[in-house]
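First up is the structure itself, then whatever we jot down about it.
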Amino acid sequence: MTRSQRHMKILEIISAFDIETQEEIVSKLKDAGYEFTQATISRDIKDMGLVKVLMENKHYKYVYVDSEIKNLSNKLLNVFKESVLSINYSVNNIVIKTLSGSASPAAALVDKLNISSILGCIAGDDTIIIVIDSIANTQEVYVKLLELTK
């Protein structure tokens, strides 16, 4: 199995199951007939950009975050990183608090992401409200936005 095939299998596993640990990935790969060490999987997780997110049931799981930021202006990304104070969500809304006067340029970055599940984005002086098309997609968008602040 090549590295890229292993990555695809890992993505398949984390999409099908709520995976909390690297050992669980190793176990699922073993169940599928592949033997890899936890160290190899750890490197794969880092290379793939997988992140752990807290689910509503208070357990963590690995998720893949698309890297749309590759196509974005570094200037907008830096403004977003430097101005965002917090990101929270409730039901199908995400609220971003920014430094005073920074909500509009930060919202411009959100708009440039072209995330299909974002219905709209409204910016005030220091607050951005983002409406997501469904409750199910809210956490995925939240994770993507959170990743942009790192």
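Ordering of the structure tokens sets the chain letters (A, B, ...); residue numbers start at 1 within each chain; ligands are numbered from 1 in the order shown.
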Those in chain A with strand (DSSP E) from DSSP, as a VMD selection string: chain A and resid 50 to 54 60 to 64 84 to 90 93 to 98 118 to 123 127 to 132
Could you pull the residues within 8 Å of segment 103-119 of chain A, counting only C-alpha atoms, minus those fewer than 5 positions along the same chain, as a list in words? Glu68, Ile69, Leu72, Leu76, Leu77, Val79, Phe80, Ser83, Val84, Lys97, Thr98, Gly124, Asp125, Asp126, Thr127, Ile128, Ile130, Val131, Ile132, Asp133, Ser134, Asn137, Val141 and Leu145 of chain A
Counting only C-alpha atoms, the option among A:Tyr64, A:Phe36, A:Tyr142, A:Tyr89 closest to Ile13 of chain A: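 Using only C-alpha atoms, Ile13 of chain A sits closest to A:Tyr64.
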For segment 45-61 of chain A, work out the shell of residues within 12 Å, counting only C-alpha atoms and skipping chain neighbours fewer than 5 positions away, then give it as a VMD selection string. chain A and resid 3 to 4 6 to 11 13 to 26 38 to 40 66 to 67 89 to 91 135 to 136 138 to 144 146 to 147 150
For Glu82 of chain A, which residue out of A:Thr149, A:Ala123, A:Ile129, A:Gly101 is the nearest one, using only C-alpha atoms?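 For Glu82 of chain A, the nearest of the given residues is A:Thr149.
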If I take atom CA of Tyr62 of chain A and atom CA of Ile96 of chain A, how far is one from the other in Å, to one decimal?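 So the answer is 23.4 Å.
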